[in-house]
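**Q** Below is the file protein.pdb, with PDB, C-alpha atoms.
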ATOM      1  CA  MET A 206     123.062  97.461 139.751
ATOM      2  CA  ALA A 207     125.494  97.099 136.877
ATOM      3  CA  GLU A 208     123.001  98.862 134.646
ATOM      4  CA  ALA A 209     122.892 101.792 137.041
ATOM      5  CA  LEU A 210     126.601 102.369 136.449
ATOM      6  CA  GLN A 211     126.161 102.792 132.719
ATOM      7  CA  PRO A 212     126.393 106.413 131.589
ATOM      8  CA  VAL A 213     123.297 108.161 130.294
ATOM      9  CA  PRO A 214     123.730 108.728 126.532
ATOM     10  CA  PRO A 215     124.320 112.381 125.684
ATOM     11  CA  MET A 216     121.498 114.695 124.657
ATOM     12  CA  THR A 217     122.961 114.758 121.155
ATOM     13  CA  ALA A 218     122.668 111.000 120.699
ATOM     14  CA  ASP A 219     120.922 109.880 117.535
ATOM     15  CA  PRO A 220     117.197 109.526 118.326
ATOM     16  CA  ALA A 221     116.920 106.437 116.121
ATOM     17  CA  TRP A 222     119.702 104.770 118.086
ATOM     18  CA  LEU A 223     118.102 105.790 121.391
ATOM     19  CA  ILE A 224     114.760 104.398 120.287
ATOM     20  CA  GLN A 225     116.399 101.150 119.289
ATOM     21  CA  ARG A 226     118.058 100.919 122.701
ATOM     22  CA  CYS A 227     114.774 101.755 124.445
ATOM     23  CA  ARG A 228     113.033  98.992 122.535
ATOM     24  CA  GLN A 229     115.539  96.643 124.125
ATOM     25  CA  GLY A 230     114.664  97.896 127.592
ATOM     26  CA  ASP A 231     117.564 100.321 128.088
ATOM     27  CA  THR A 232     116.315 102.810 130.702
ATOM     28  CA  HIS A 233     119.402 105.016 130.329
ATOM     29  CA  ALA A 234     118.654 105.515 126.666
ATOM     30  CA  PHE A 235     115.063 106.280 127.631
ATOM     31  CA  ARG A 236     116.213 108.967 130.057
ATOM     32  CA  SER A 237     118.157 110.594 127.242
ATOM     33  CA  LEU A 238     115.211 110.271 124.870
ATOM     34  CA  TYR A 239     113.024 111.914 127.507
ATOM     35  CA  ARG A 240     115.439 114.819 127.840
ATOM     36  CA  GLN A 241     115.492 115.269 124.071
ATOM     37  CA  SER A 242     111.713 115.161 123.625
ATOM     38  CA  GLN A 243     110.155 116.486 126.807
ATOM     39  CA  GLY A 244     110.280 120.117 125.691
ATOM     40  CA  ARG A 245     107.776 119.749 122.873
ATOM     41  CA  VAL A 246     105.517 117.494 124.963
ATOM     42  CA  ARG A 247     105.621 119.910 127.873
ATOM     43  CA  SER A 248     104.905 122.890 125.631
ATOM     44  CA  THR A 249     101.960 121.224 123.872
ATOM     45  CA  LEU A 250     100.419 120.000 127.114
ATOM     46  CA  TYR A 251     100.842 123.413 128.676
ATOM     47  CA  GLN A 252      99.030 125.124 125.814
ATOM     48  CA  LEU A 253      96.198 122.596 126.003
ATOM     49  CA  CYS A 254      95.848 121.851 129.703
ATOM     50  CA  GLY A 255      97.584 124.612 131.656
ATOM     51  CA  ALA A 256     100.119 124.262 134.423
ATOM     52  CA  THR A 257      98.138 122.658 137.227
ATOM     53  CA  HIS A 258      98.657 118.999 136.268
ATOM     54  CA  LEU A 259     101.500 119.511 133.855
ATOM     55  CA  GLU A 260     104.116 117.360 135.610
ATOM     56  CA  ASP A 261     101.701 114.436 136.014
ATOM     57  CA  LEU A 262     100.638 114.642 132.377
ATOM     58  CA  VAL A 263     104.211 114.747 131.106
ATOM     59  CA  GLN A 264     104.972 111.663 133.167
ATOM     60  CA  GLU A 265     101.914 109.895 131.815
ATOM     61  CA  VAL A 266     102.907 110.616 128.221
ATOM     62  CA  PHE A 267     106.404 109.230 128.644
ATOM     63  CA  LEU A 268     105.227 106.232 130.614
ATOM     64  CA  ARG A 269     102.971 105.331 127.677
ATOM     65  CA  VAL A 270     105.906 105.932 125.342
ATOM     66  CA  TRP A 271     108.084 103.566 127.343
ATOM     67  CA  LYS A 272     105.461 100.851 127.392
ATOM     68  CA  GLY A 273     104.557 101.204 123.733
ATOM     69  CA  LEU A 274     107.987 101.667 122.167
ATOM     70  CA  PRO A 275     108.563  97.980 121.405
ATOM     71  CA  ASN A 276     105.607  98.149 119.021
ATOM     72  CA  LEU A 277     106.689 101.262 117.145
ATOM     73  CA  ARG A 278     107.564 100.168 113.622
ATOM     74  CA  THR A 279     109.993 102.820 112.459
ATOM     75  CA  PRO A 280     111.859 105.495 114.418
ATOM     76  CA  ASP A 281     110.954 107.995 111.684
ATOM     77  CA  TYR A 282     107.409 108.051 113.034
ATOM     78  CA  PHE A 283     108.488 108.603 116.617
ATOM     79  CA  HIS A 284     107.605 112.273 116.836
ATOM     80  CA  THR A 285     104.235 111.789 115.136
ATOM     81  CA  TRP A 286     103.550 108.955 117.547
ATOM     82  CA  LEU A 287     104.750 111.038 120.487
ATOM     83  CA  TYR A 288     102.374 113.866 119.600
ATOM     84  CA  ARG A 289      99.533 111.395 119.223
ATOM     85  CA  ILE A 290     100.135 110.038 122.699
ATOM     86  CA  THR A 291     100.345 113.610 123.990
ATOM     87  CA  TRP A 292      97.013 114.358 122.353
ATOM     88  CA  ASN A 293      95.489 111.191 123.855
ATOM     89  CA  VAL A 294      96.748 112.023 127.337
ATOM     90  CA  ALA A 295      95.466 115.604 127.084
ATOM     91  CA  THR A 296      92.086 114.359 125.872
ATOM     92  CA  ASP A 297      91.883 111.769 128.649
ATOM     93  CA  HIS A 298      92.742 114.482 131.154
ATOM     94  CA  ARG A 299      90.029 116.727 129.783
ATOM     95  CA  ARG A 300      87.491 113.905 129.987
ATOM     96  CA  HIS A 301      88.592 113.261 133.543
ATOM     97  CA  LEU A 302      87.943 116.871 134.475
ATOM     98  CA  GLY A 303      84.618 116.895 132.672
ATOM     99  CA  GLN A 304      83.467 117.943 129.277
ATOM    100  CA  ASN A 305      84.170 121.617 129.871
ATOM    101  CA  PRO A 306      87.619 122.975 129.130
ATOM    102  CA  PRO A 307      89.627 123.381 132.320
ATOM    103  CA  PRO A 308      89.566 126.951 133.573
ATOM    104  CA  ILE A 309      92.854 128.689 134.017
ATOM    105  CA  SER A 310      93.671 128.151 137.635
ATOM    106  CA  THR A 311      95.211 130.471 140.128
ATOM    107  CA  GLN A 312      98.474 128.582 139.685
ATOM    108  CA  ASP A 313      98.348 129.167 135.949
ATOM    109  CA  GLN A 314      97.789 132.848 136.491
ATOM    110  CA  GLU A 315     100.661 132.992 138.926
ATOM    111  CA  THR A 316     103.058 131.462 136.444
ATOM    112  CA  THR A 317     102.350 134.217 133.963
ATOM    113  CA  LEU A 318     101.416 137.246 136.004
ATOM    114  CA  ASP A 319     102.876 137.050 139.479
ATOM    115  CA  LEU A 320     106.170 138.815 138.910
ATOM    116  CA  PRO A 321     107.349 141.760 140.959
ATOM    117  CA  ILE A 322     107.338 145.094 139.213
ATOM    118  CA  LYS A 323     110.468 146.959 140.168
ATOM    119  CA  SER A 324     110.575 149.904 137.834
ATOM    120  CA  PRO A 325     108.703 151.573 134.994
ATOM    121  CA  LEU A 326     111.267 150.055 132.629
ATOM    122  CA  GLN A 327     109.605 146.708 133.199
ATOM    123  CA  GLN A 328     106.285 147.877 131.857
ATOM    124  CA  PRO A 329     106.959 146.225 128.481
ATOM    125  CA  ASP A 330     107.444 142.927 130.342
ATOM    126  CA  LEU A 331     104.113 143.435 132.017
ATOM    127  CA  MET A 332     102.508 144.035 128.634
ATOM    128  CA  ARG A 333     104.148 140.904 127.272
ATOM    129  CA  LEU A 334     102.796 138.896 130.204
ATOM    130  CA  HIS A 335      99.385 140.386 129.649
ATOM    131  CA  TYR A 336      99.464 139.288 126.019
ATOM    132  CA  GLN A 337     100.683 135.814 127.011
ATOM    133  CA  ASP A 338      97.767 135.563 129.397
ATOM    134  CA  LEU A 339      95.377 136.642 126.657
ATOM    135  CA  VAL A 340      96.773 134.057 124.260
ATOM    136  CA  GLN A 341      96.444 131.325 126.857
ATOM    137  CA  ARG A 342      92.878 132.307 127.643
ATOM    138  CA  GLY A 343      92.110 132.558 123.946
ATOM    139  CA  LEU A 344      93.445 129.053 123.351
ATOM    140  CA  ALA A 345      91.363 127.765 126.254
ATOM    141  CA  SER A 346      88.267 129.363 124.738
ATOM    142  CA  LEU A 347      88.592 127.415 121.483
ATOM    143  CA  PRO A 348      86.737 124.176 120.841
ATOM    144  CA  TRP A 349      89.014 121.296 121.831
ATOM    145  CA  GLU A 350      89.573 119.873 118.339
ATOM    146  CA  GLN A 351      90.331 123.316 116.932
ATOM    147  CA  GLY A 352      92.709 124.270 119.731
ATOM    148  CA  ILE A 353      95.000 121.282 119.174
ATOM    149  CA  VAL A 354      95.244 122.010 115.455
ATOM    150  CA  LEU A 355      96.164 125.630 116.059
ATOM    151  CA  VAL A 356      98.715 124.705 118.734
ATOM    152  CA  LEU A 357     100.393 122.060 116.592
ATOM    153  CA  HIS A 358     100.386 124.111 113.396
ATOM    154  CA  ASP A 359     100.953 127.687 114.476
ATOM    155  CA  LEU A 360     102.921 127.209 117.690
ATOM    156  CA  GLU A 361     104.703 123.873 117.199
ATOM    157  CA  ASP A 362     105.198 124.399 113.455
ATOM    158  CA  LEU A 363     104.009 120.950 112.403
ATOM    159  CA  PRO A 364     102.853 120.537 108.801
ATOM    160  CA  GLN A 365      99.177 119.915 108.190
ATOM    161  CA  LYS A 366      99.840 116.442 106.825
ATOM    162  CA  GLU A 367     101.544 115.359 110.041
ATOM    163  CA  ILE A 368      98.761 116.875 112.127
ATOM    164  CA  ALA A 369      96.293 114.854 110.082
ATOM    165  CA  GLN A 370      98.278 111.702 110.909
ATOM    166  CA  ILE A 371      98.441 112.588 114.587
ATOM    167  CA  LEU A 372      94.720 113.243 114.879
ATOM    168  CA  GLU A 373      93.760 110.554 112.355
ATOM    169  CA  VAL A 374      91.602 112.946 110.348
ATOM    170  CA  PRO A 375      91.784 114.024 106.691
ATOM    171  CA  VAL A 376      94.018 116.955 105.793
ATOM    172  CA  GLY A 377      90.909 118.876 104.719
ATOM    173  CA  THR A 378      89.574 118.589 108.255
ATOM    174  CA  VAL A 379      92.831 120.013 109.597
ATOM    175  CA  LYS A 380      92.567 122.951 107.187
ATOM    176  CA  SER A 381      88.971 123.588 108.197
ATOM    177  CA  ARG A 382      89.691 123.429 111.919
ATOM    178  CA  LEU A 383      92.680 125.723 111.503
ATOM    179  CA  PHE A 384      90.582 128.249 109.609
ATOM    180  CA  HIS A 385      87.879 128.313 112.266
ATOM    181  CA  ALA A 386      90.370 128.333 115.148
ATOM    182  CA  ARG A 387      92.239 131.315 113.728
ATOM    183  CA  ARG A 388      89.064 133.213 113.076
ATOM    184  CA  ALA A 389      87.737 132.582 116.587
ATOM    185  CA  LEU A 390      91.041 133.444 118.236
ATOM    186  CA  ARG A 391      91.401 136.616 116.169
ATOM    187  CA  GLN A 392      87.921 137.703 117.225
ATOM    188  CA  TYR A 393      88.710 136.913 120.857
ATOM    189  CA  LEU A 394      91.912 138.949 120.801
ATOM    190  CA  GLU A 395      90.257 141.868 119.060
ATOM    191  CA  VAL A 396      87.462 141.929 121.635
ATOM    192  CA  GLN A 397      90.206 142.047 124.292
ATOM    193  CA  GLY A 398      91.632 145.136 122.634
ATOM    194  CA  VAL A 399      94.521 143.604 120.737
ATOM    195  CA  ILE A 400      95.145 145.250 117.372
ATOM    196  CA  LEU A 401      96.571 142.724 114.941
TER     197      LEU A 401
ATOM    198  CA  MET B 127     101.014 126.115  98.097
ATOM    199  CA  ILE B 128      98.639 128.997  98.731
ATOM    200  CA  PRO B 129     100.202 131.661 100.956
ATOM    201  CA  SER B 130      98.359 132.559 104.117
ATOM    202  CA  PRO B 131      96.302 135.737 104.080
ATOM    203  CA  PRO B 132      97.997 138.741 105.710
ATOM    204  CA  GLU B 133      95.627 138.676 108.665
ATOM    205  CA  ASP B 134      96.586 135.051 109.357
ATOM    206  CA  ARG B 135     100.271 135.885 109.165
ATOM    207  CA  ARG B 136      99.811 138.741 111.620
ATOM    208  CA  LEU B 137      97.862 136.506 113.987
ATOM    209  CA  VAL B 138     100.474 133.739 113.864
ATOM    210  CA  ALA B 139     103.264 136.239 114.422
ATOM    211  CA  PHE B 140     101.418 137.597 117.451
ATOM    212  CA  LEU B 141     100.832 134.099 118.816
ATOM    213  CA  LYS B 142     104.474 133.135 118.393
ATOM    214  CA  ALA B 143     105.638 136.342 120.032
ATOM    215  CA  HIS B 144     103.358 135.836 123.010
ATOM    216  CA  GLN B 145     103.236 132.079 123.218
ATOM    217  CA  PRO B 146     102.679 130.986 126.815
ATOM    218  CA  THR B 147     105.878 129.377 128.004
ATOM    219  CA  PRO B 148     105.583 126.379 130.320
ATOM    220  CA  PRO B 149     107.410 126.360 133.633
ATOM    221  CA  GLU B 150     110.872 124.876 133.628
ATOM    222  CA  ALA B 151     111.067 121.096 133.712
ATOM    223  CA  ASP B 152     111.210 119.843 137.254
ATOM    224  CA  ASP B 153     114.029 117.380 138.111
ATOM    225  CA  ARG B 154     111.582 115.519 140.306
ATOM    226  CA  THR B 155     109.458 114.752 137.272
ATOM    227  CA  GLU B 156     112.370 112.971 135.623
ATOM    228  CA  HIS B 157     113.221 111.049 138.799
ATOM    229  CA  GLN B 158     109.620 110.000 139.348
ATOM    230  CA  LEU B 159     109.255 109.006 135.712
ATOM    231  CA  MET B 160     112.381 106.863 135.762
ATOM    232  CA  ALA B 161     111.203 105.228 138.989
ATOM    233  CA  ARG B 162     107.879 104.381 137.327
ATOM    234  CA  VAL B 163     109.638 103.166 134.193
ATOM    235  CA  THR B 164     111.642 100.619 136.149
ATOM    236  CA  GLN B 165     108.411  99.346 137.709
ATOM    237  CA  HIS B 166     106.444  99.070 134.464
ATOM    238  CA  PRO B 167     107.416  96.446 131.922
ATOM    239  CA  GLN B 168     107.236  97.325 128.273
ATOM    240  CA  ASP B 169     104.489  95.871 126.116
ATOM    241  CA  GLY B 170     105.482  92.726 124.312
ATOM    242  CA  VAL B 171     106.042  93.077 120.592
ATOM    243  CA  ARG B 172     102.805  92.407 118.817
ATOM    244  CA  GLY B 173     102.845  90.293 115.718
ATOM    245  CA  ASP B 174     101.977  91.401 112.227
ATOM    246  CA  ARG B 175      98.405  90.909 111.104
ATOM    247  CA  ARG B 176      99.705  88.705 108.312
ATOM    248  CA  ARG B 177     101.541  86.578 110.814
ATOM    249  CA  SER B 178      98.390  86.308 112.882
ATOM    250  CA  TRP B 179      96.774  84.359 110.049
ATOM    251  CA  ALA B 180      99.310  81.603 110.574
ATOM    252  CA  TRP B 181      97.092  79.997 113.197
ATOM    253  CA  LEU B 182      94.129  79.695 110.841
ATOM    254  CA  PRO B 183      95.177  76.655 108.774
ATOM    255  CA  GLY B 184      95.974  74.724 111.939
ATOM    256  CA  VAL B 185      92.623  75.516 113.482
ATOM    257  CA  MET B 186      90.837  74.668 110.244
ATOM    258  CA  ALA B 187      92.672  71.365 110.017
ATOM    259  CA  ALA B 188      91.711  70.591 113.586
ATOM    260  CA  GLY B 189      88.118  71.497 112.793
ATOM    261  CA  LEU B 190      88.093  69.207 109.798
ATOM    262  CA  LEU B 191      89.561  66.381 111.841
ATOM    263  CA  LEU B 192      86.843  66.875 114.413
ATOM    264  CA  ALA B 193      84.215  66.965 111.683
ATOM    265  CA  LEU B 194      85.524  63.772 110.072
ATOM    266  CA  PRO B 195      83.834  61.323 112.472
ATOM    267  CA  LEU B 196      80.542  63.086 111.888
ATOM    268  CA  GLY B 197      80.929  62.702 108.174
ATOM    269  CA  ALA B 198      82.206  59.148 108.224
ATOM    270  CA  PRO B 199      78.753  57.536 107.851
ATOM    271  CA  HIS B 200      78.340  59.479 104.639
ATOM    272  CA  LEU B 201      81.698  58.522 103.099
ATOM    273  CA  GLY B 202      80.248  55.780 100.991
ATOM    274  CA  ARG B 203      77.579  58.005  99.521
ATOM    275  CA  ARG B 204      77.918  59.790  96.257
ATOM    276  CA  SER B 205      78.751  63.495  96.505
ATOM    277  CA  PRO B 206      76.269  65.955  95.132
ATOM    278  CA  SER B 207      77.337  67.595  91.904
ATOM    279  CA  LEU B 208      76.981  71.064  90.417
ATOM    280  CA  LEU B 209      76.651  69.585  86.939
ATOM    281  CA  PRO B 210      73.160  68.874  85.598
ATOM    282  CA  THR B 211      72.084  65.356  86.208
ATOM    283  CA  SER B 212      71.341  62.978  83.414
ATOM    284  CA  SER B 213      67.663  63.133  84.316
ATOM    285  CA  GLY B 214      67.665  66.888  83.703
ATOM    286  CA  GLU B 215      67.089  67.821  87.332
ATOM    287  CA  PRO B 216      68.751  71.033  88.552
ATOM    288  CA  PRO B 217      72.142  70.494  90.206
ATOM    289  CA  GLN B 218      72.246  70.151  93.946
ATOM    290  CA  HIS B 219      74.215  72.763  95.858
ATOM    291  CA  THR B 220      77.440  71.338  97.243
ATOM    292  CA  ALA B 221      77.318  71.160 100.965
ATOM    293  CA  SER B 222      81.094  70.927 101.341
ATOM    294  CA  THR B 223      81.886  74.447  99.990
ATOM    295  CA  THR B 224      79.272  76.256 102.037
ATOM    296  CA  ASP B 225      80.179  74.284 105.102
ATOM    297  CA  LEU B 226      83.840  75.228 104.767
ATOM    298  CA  ASN B 227      82.997  78.895 104.253
ATOM    299  CA  GLY B 228      80.720  78.828 107.242
ATOM    300  CA  LEU B 229      83.370  77.083 109.285
ATOM    301  CA  SER B 230      85.925  79.726 108.294
ATOM    302  CA  ASP B 231      83.560  82.548 109.233
ATOM    303  CA  PHE B 232      82.703  80.867 112.490
ATOM    304  CA  LEU B 233      86.340  80.381 113.400
ATOM    305  CA  TRP B 234      87.207  83.971 112.534
ATOM    306  CA  ASP B 235      84.260  85.353 114.496
ATOM    307  CA  SER B 236      84.855  83.215 117.532
ATOM    308  CA  TRP B 237      88.664  83.223 117.653
ATOM    309  CA  GLY B 238      89.551  86.565 116.053
ATOM    310  CA  GLY B 239      88.168  88.529 118.977
ATOM    311  CA  LEU B 240      90.410  86.680 121.401
ATOM    312  CA  LEU B 241      93.428  88.125 119.610
ATOM    313  CA  GLY B 242      92.225  91.674 120.174
ATOM    314  CA  TYR B 243      91.538  92.685 116.592
ATOM    315  CA  GLY B 244      88.654  95.054 116.146
ATOM    316  CA  ALA B 245      87.460  96.736 113.019
ATOM    317  CA  TYR B 246      89.810  99.681 113.421
ATOM    318  CA  GLY B 247      93.039  98.320 114.813
ATOM    319  CA  LEU B 248      94.682  96.820 117.788
ATOM    320  CA  TYR B 249      93.648  97.781 121.277
ATOM    321  CA  SER B 250      96.346  98.217 123.856
ATOM    322  CA  SER B 251      96.028  97.349 127.481
ATOM    323  CA  GLU B 252      95.299 101.042 128.149
ATOM    324  CA  GLY B 253      92.350 101.238 125.822
ATOM    325  CA  GLN B 254      94.136 103.278 123.194
ATOM    326  CA  VAL B 255      93.729 102.423 119.567
ATOM    327  CA  TYR B 256      97.061 102.356 117.850
ATOM    328  CA  SER B 257      97.040 102.941 114.148
ATOM    329  CA  SER B 258      98.428 100.041 112.208
ATOM    330  CA  ASP B 259     100.537 102.360 110.079
ATOM    331  CA  LEU B 260     102.705 103.258 113.041
ATOM    332  CA  LEU B 261     103.005  99.928 114.737
ATOM    333  CA  PHE B 262     104.358  96.490 114.130
ATOM    334  CA  ASP B 263     107.704  95.340 112.887
TER     335      ASP B 263
END
Can the structure in the file be given as structure tokens, please?
**A**
Amino acid sequence: MAEALQPVPPMTADPAWLIQRCRQGDTHAFRSLYRQSQGRVRSTLYQLCGATHLEDLVQEVFLRVWKGLPNLRTPDYFHTWLYRITWNVATDHRRHLGQNPPPISTQDQETTLDLPIKSPLQQPDLMRLHYQDLVQRGLASLPWEQGIVLVLHDLEDLPQKEIAQILEVPVGTVKSRLFHARRALRQYLEVQGVIL
Amino acid sequence: MIPSPPEDRRLVAFLKAHQPTPPEADDRTEHQLMARVTQHPQDGVRGDRRRSWAWLPGVMAAGLLLALPLGAPHLGRRSPSLLPTSSGEPPQHTASTTDLNGLSDFLWDSWGGLLGYGAYGLYSSEGQVYSSDLLFD
């Protein structure tokens, strides 16, 4: 109970210090680390898996982080390691659903499209939502290994070298997958009427 | 660094502008996660591969001690030599070197697997392969 009275470290706490505390079993530090890192995990999982199981998948990623942190060698690798676990959880989820990419569910569509239209001034918002929906469907149409590379590089702004470490593939493979993913996504968007 | 072609830059700009945004983080997710965290112990710190070799000399010594009674009847006999014999016969291969190498291989094959080391790294309890460049103190 005494531990429960300890304050949660602030969001601005040094990640290396938080990781060190987590390695010693400090759950308050882990809560703060979760709050610092959940955004990028949530975003990546959403691009790859949609919204239907998002909360469960985020939990699974951070549960694996908690259990594996004592074996992480250096805090500098934390984010690479975190993305790798995210990738593993997303891949496991995909295997669980079957070999086919999960279709965008009704819930996914609702999160992007189900907004009331109140006036003609909101037409641009509707267009933006339409484009968001197209991007999400385009990402879902990509081969799995290409989609993750495009998400990490073009949406999460990770360098190719780090993506290679996350996926445990050569940098040349990352370049190749990125090239093919962009080409396929460009073709998809153009077929949908988007002029790039 | 080679700059991206213009069509790639336009595509990336479009993707960033219309990136699907995930729903807001749910407070329940954090509460449920922290509840699960308190129920799940962390993995114990795994040792370095180099440290894992520390057991080998002890096991080899034990193996030699066990092998000693078997070899005792032969203690009084002359050891075979790699040098040519005075009679000009080819040297006999030393049994002790090959036996030790075989013993080492046998011990590694039979005991190494118990420590969880495969050809590509260390397997966690969840079946994930963790790269050795990220793990271990």
**Q** Between chain A and chain B, at 7 Å or less, what are the per-residue closest atom pairs and their distances in Å? Count only C-alpha atoms, order by chain and rising residue number, and return it as a tab-separated table.
**A**
residue	atom	partner	partner_atom	distance
A:Arg247	CA	B:Pro148	CA	6.9
A:Ser248	CA	B:Pro148	CA	5.9
A:Tyr251	CA	B:Pro148	CA	5.8
A:Gln252	CA	B:Pro146	CA	7.0
A:Glu260	CA	B:Thr155	CA	6.2
A:Gln264	CA	B:Leu159	CA	5.6
A:Leu268	CA	B:Val163	CA	6.5
A:Trp271	CA	B:Gln168	CA	6.4
A:Lys272	CA	B:Gln168	CA	4.0
A:Gly273	CA	B:Asp169	CA	5.8
A:Pro275	CA	B:Val171	CA	5.6
A:Asn276	CA	B:Phe262	CA	5.3
A:Leu277	CA	B:Leu261	CA	4.6
A:Arg278	CA	B:Leu261	CA	4.7
A:Tyr282	CA	B:Leu260	CA	6.7
A:Arg333	CA	B:His144	CA	6.7
A:Tyr336	CA	B:His144	CA	6.0
A:Gln337	CA	B:His144	CA	4.8
A:Val340	CA	B:Leu141	CA	6.8
A:Gln341	CA	B:Pro146	CA	6.2
A:Asp359	CA	B:Val138	CA	6.1
A:Leu360	CA	B:Lys142	CA	6.2
A:Arg391	CA	B:Leu137	CA	6.8
A:Leu401	CA	B:Arg136	CA	6.1
**Q** Quick one: apply the PyMOL selection byres ((chain A and resi 215-223) around 7) to the file and drop the selected residues here as a PyMOL selection string.
**A** chain A and resi 213-214+224-227+234-235+237-238+240-241+280
**Q** Could you check how far atom CA of Thr378 of chain A sits from atom CA of His358 of chain A, in Å to one decimal?
**A**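 The value is 13.2 Å.
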**Q** What does the distance between atom CA of Trp286 of chain A and atom CA of Pro364 of chain A come to in Å, to one decimal place?
**A**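 Interatomic distance here is 14.5 Å.
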**Q** So what do you get for atom CA of Gln392 of chain A versus atom CA of Lys380 of chain A, distance-wise?
**A** 18.4 Å
**Q** Pick the closest to Gln370 of chain A from A:Thr285, A:Thr279, A:Thr249, A:Thr257: which is it, counting all atoms listed in the file?
**A** A:Thr285
**Q** Could you name the residues that touch Leu262 of chain A at 12 Å or less, counting only C-alpha atoms, but leaving out those on the same chain fewer than 5 positions away, as an MDAnalysis selection string?
**A** (chainID A and resid 243 246:251 253:257 267:269 290:299) or (chainID B and resid 155 159)
**Q** To test your reading of the syntax: which residues would the PyMOL selection byres ((chain A and resi 347-349) around 8) return for the file shown? Reply as a PyMOL selection string.
**A** chain A and resi 306+343-346+350-353+386+389-390
